[in-house]
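Read the structure below first, then the notes.
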Amino acid sequence: MNSLVAALQPLPIAARPRAGDTVDSYIQKLARANHLRPSYLRRLLLTNPHALYGGSVDLDRLGTVANRDPDTLRRVLQPPRRRAVPVGSTHPRAGRRLRRQADRPELFAAIRELAHGEELSIRSLAERFKVHRRTVRQALTTPIPPPRKKHAYPAPRLDPLRVVIDTMLAGAPTMPAGHVWDRLLDEHDVIASYSTVRKYLAEHRPVTSCSPPHHRTDAPEPEGPRDRRR
């Protein structure tokens, strides 16, 4: 057993994990039952003990403090993982996944070269390269791939607390994202990822005006050309 896990002790009050609980919601339930700050307990259970914020929770450590079987926690708290497509598979998703990782300019050049060399339809080219027909049309239109669109992902968990966060920032505009994340978890029971909070602060933190550098007014004026005449 890991020495860090062995150093932990079961908490006095146990909390039973329920179906639908996430790792963070169960830690919050366990912390509240034992009169601990959820952010403090979560930080003790991180896989990387040197991480301050965010990071993944070690379920072996969580099982120790919760006095629960870690395998039971894995089965109840963690959703089933999506089955990965092995490299070289004939599954239709395999080629597309590898194609997304490939260099798109090279892909466009290969599509254009094959289209000029052989009279193939757009559907045939899409099947040959295992890409969408829209990608083939783009490659035949221009040799330069268009930039990827940046999708804006909303943070619905933070919607009810935007006023609270803005109030925090109004009192302390330079408050670190980790402190905001801790206060949301401890004072408002908001379970949101650290990256979500950090992204929100990056977009909504008030801009503080920096005072211009102070220039000395008593500095001696630059000397003019010396008169060499005696």
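Labels used: A, B, ... for chains in the order of the structure tokens, numbers from 1 for residues in each chain, and numbers from 1 for ligands as shown.
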
Neighbours of range 174-180 of chain A within 7 Å (only C-alpha atoms; same-chain residues fewer than 5 positions away dropped), as a VMD selection string? chain A and resid 53 169 197 to 198 201

Could you list, as number ranges by chain, every residue within 7 Å of range 17-25 of chain A, counting only C-alpha atoms and ignoring same-chain residues fewer than 3 positions away? A: 28-29, 76-78, 191

note - CA of Ala31 in chain A and CA of Arg16 in chain A are separated by 12.4 Å

Could you find all residues in range 162-213 of chain A that DSSP calls alpha helix (DSSP H) from the backbone, and write them as a PyMOL selection string? chain A and resi 162-171+177-187+194-204

Next, dump the selected residues to file, keeping only N, CA and C atoms, as a compact mmCIF listing (two decimals), in the first residue's frame.
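Wrote selection-v4.txt, looks like this:
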```txt
# COMPACT_ATOMS: atom_id res chain seq x y z
N ARG A 162 -22.68 34.13 -10.38
CA ARG A 162 -21.90 35.15 -11.06
C ARG A 162 -21.81 36.43 -10.22
N VAL A 163 -22.91 36.77 -9.54
CA VAL A 163 -22.90 37.96 -8.69
C VAL A 163 -21.94 37.76 -7.52
N VAL A 164 -21.93 36.55 -6.96
CA VAL A 164 -21.03 36.27 -5.84
C VAL A 164 -19.57 36.39 -6.27
N ILE A 165 -19.24 35.81 -7.44
CA ILE A 165 -17.87 35.87 -7.92
C ILE A 165 -17.48 37.31 -8.23
N ASP A 166 -18.39 38.03 -8.87
CA ASP A 166 -18.08 39.43 -9.20
C ASP A 166 -17.89 40.25 -7.94
N THR A 167 -18.64 39.92 -6.87
CA THR A 167 -18.45 40.63 -5.61
C THR A 167 -17.09 40.33 -5.01
N MET A 168 -16.67 39.07 -5.09
CA MET A 168 -15.33 38.72 -4.62
C MET A 168 -14.27 39.52 -5.35
N LEU A 169 -14.41 39.59 -6.67
CA LEU A 169 -13.41 40.28 -7.47
C LEU A 169 -13.46 41.79 -7.25
N ALA A 170 -14.65 42.31 -6.94
CA ALA A 170 -14.74 43.75 -6.68
C ALA A 170 -13.97 44.11 -5.42
N GLY A 171 -14.01 43.23 -4.41
CA GLY A 171 -13.27 43.50 -3.18
C GLY A 171 -11.80 43.19 -3.31
N ALA A 177 -7.34 32.49 -8.75
CA ALA A 177 -8.46 31.61 -9.10
C ALA A 177 -8.62 30.48 -8.09
N GLY A 178 -7.52 30.01 -7.53
CA GLY A 178 -7.61 28.94 -6.54
C GLY A 178 -8.36 29.36 -5.30
N HIS A 179 -8.17 30.60 -4.85
CA HIS A 179 -8.89 31.09 -3.68
C HIS A 179 -10.38 31.21 -3.98
N VAL A 180 -10.70 31.69 -5.17
CA VAL A 180 -12.12 31.78 -5.55
C VAL A 180 -12.73 30.40 -5.60
N TRP A 181 -12.01 29.45 -6.16
CA TRP A 181 -12.52 28.07 -6.26
C TRP A 181 -12.74 27.47 -4.88
N ASP A 182 -11.82 27.71 -3.94
CA ASP A 182 -11.98 27.21 -2.58
C ASP A 182 -13.21 27.81 -1.91
N ARG A 183 -13.40 29.11 -2.08
CA ARG A 183 -14.54 29.76 -1.42
C ARG A 183 -15.87 29.30 -2.01
N LEU A 184 -15.90 29.08 -3.32
CA LEU A 184 -17.13 28.56 -3.92
C LEU A 184 -17.46 27.18 -3.38
N LEU A 185 -16.44 26.36 -3.19
CA LEU A 185 -16.66 25.01 -2.71
C LEU A 185 -17.02 24.98 -1.23
N ASP A 186 -16.33 25.81 -0.43
CA ASP A 186 -16.52 25.76 1.02
C ASP A 186 -17.72 26.57 1.50
N GLU A 187 -17.93 27.73 0.89
CA GLU A 187 -18.96 28.64 1.39
C GLU A 187 -20.28 28.53 0.64
N TYR A 194 -11.80 23.34 -11.39
CA TYR A 194 -10.92 24.49 -11.23
C TYR A 194 -10.68 25.20 -12.56
N SER A 195 -10.60 24.42 -13.64
CA SER A 195 -10.39 25.03 -14.95
C SER A 195 -11.58 25.89 -15.36
N THR A 196 -12.80 25.48 -14.96
CA THR A 196 -13.99 26.28 -15.27
C THR A 196 -13.94 27.63 -14.57
N VAL A 197 -13.59 27.60 -13.29
CA VAL A 197 -13.49 28.85 -12.52
C VAL A 197 -12.38 29.73 -13.08
N ARG A 198 -11.24 29.13 -13.40
CA ARG A 198 -10.12 29.91 -13.93
C ARG A 198 -10.48 30.55 -15.27
N LYS A 199 -11.20 29.82 -16.11
CA LYS A 199 -11.61 30.36 -17.41
C LYS A 199 -12.59 31.51 -17.22
N TYR A 200 -13.53 31.36 -16.28
CA TYR A 200 -14.49 32.43 -16.04
C TYR A 200 -13.78 33.69 -15.56
N LEU A 201 -12.80 33.52 -14.66
CA LEU A 201 -12.09 34.70 -14.15
C LEU A 201 -11.27 35.35 -15.25
N ALA A 202 -10.71 34.54 -16.13
CA ALA A 202 -9.91 35.12 -17.22
C ALA A 202 -10.77 35.98 -18.14
N GLU A 203 -12.05 35.65 -18.25
CA GLU A 203 -12.93 36.39 -19.15
C GLU A 203 -13.67 37.53 -18.46
N HIS A 204 -13.84 37.45 -17.13
CA HIS A 204 -14.68 38.42 -16.43
C HIS A 204 -13.96 39.20 -15.34
```

Students should find that CA of Arg74 in chain A and CA of Thr47 in chain A are spaced 14.6 Å

Closest of A:Leu73, A:Gly55, A:Arg148, A:Arg128 to Ser193 in chain A, counting only C-alpha atoms, is A:Gly55

ask   = Neighbours of range 109-116 of chain A within 7 Å (only C-alpha atoms; same-chain residues fewer than 5 positions away dropped), as a list in words?
value = Val136, Ala139, Leu140 and Pro143 of chain A

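In this structure, CA of Leu161 in chain A sits 10.8 Å away from CA of Asp189 in chain A.
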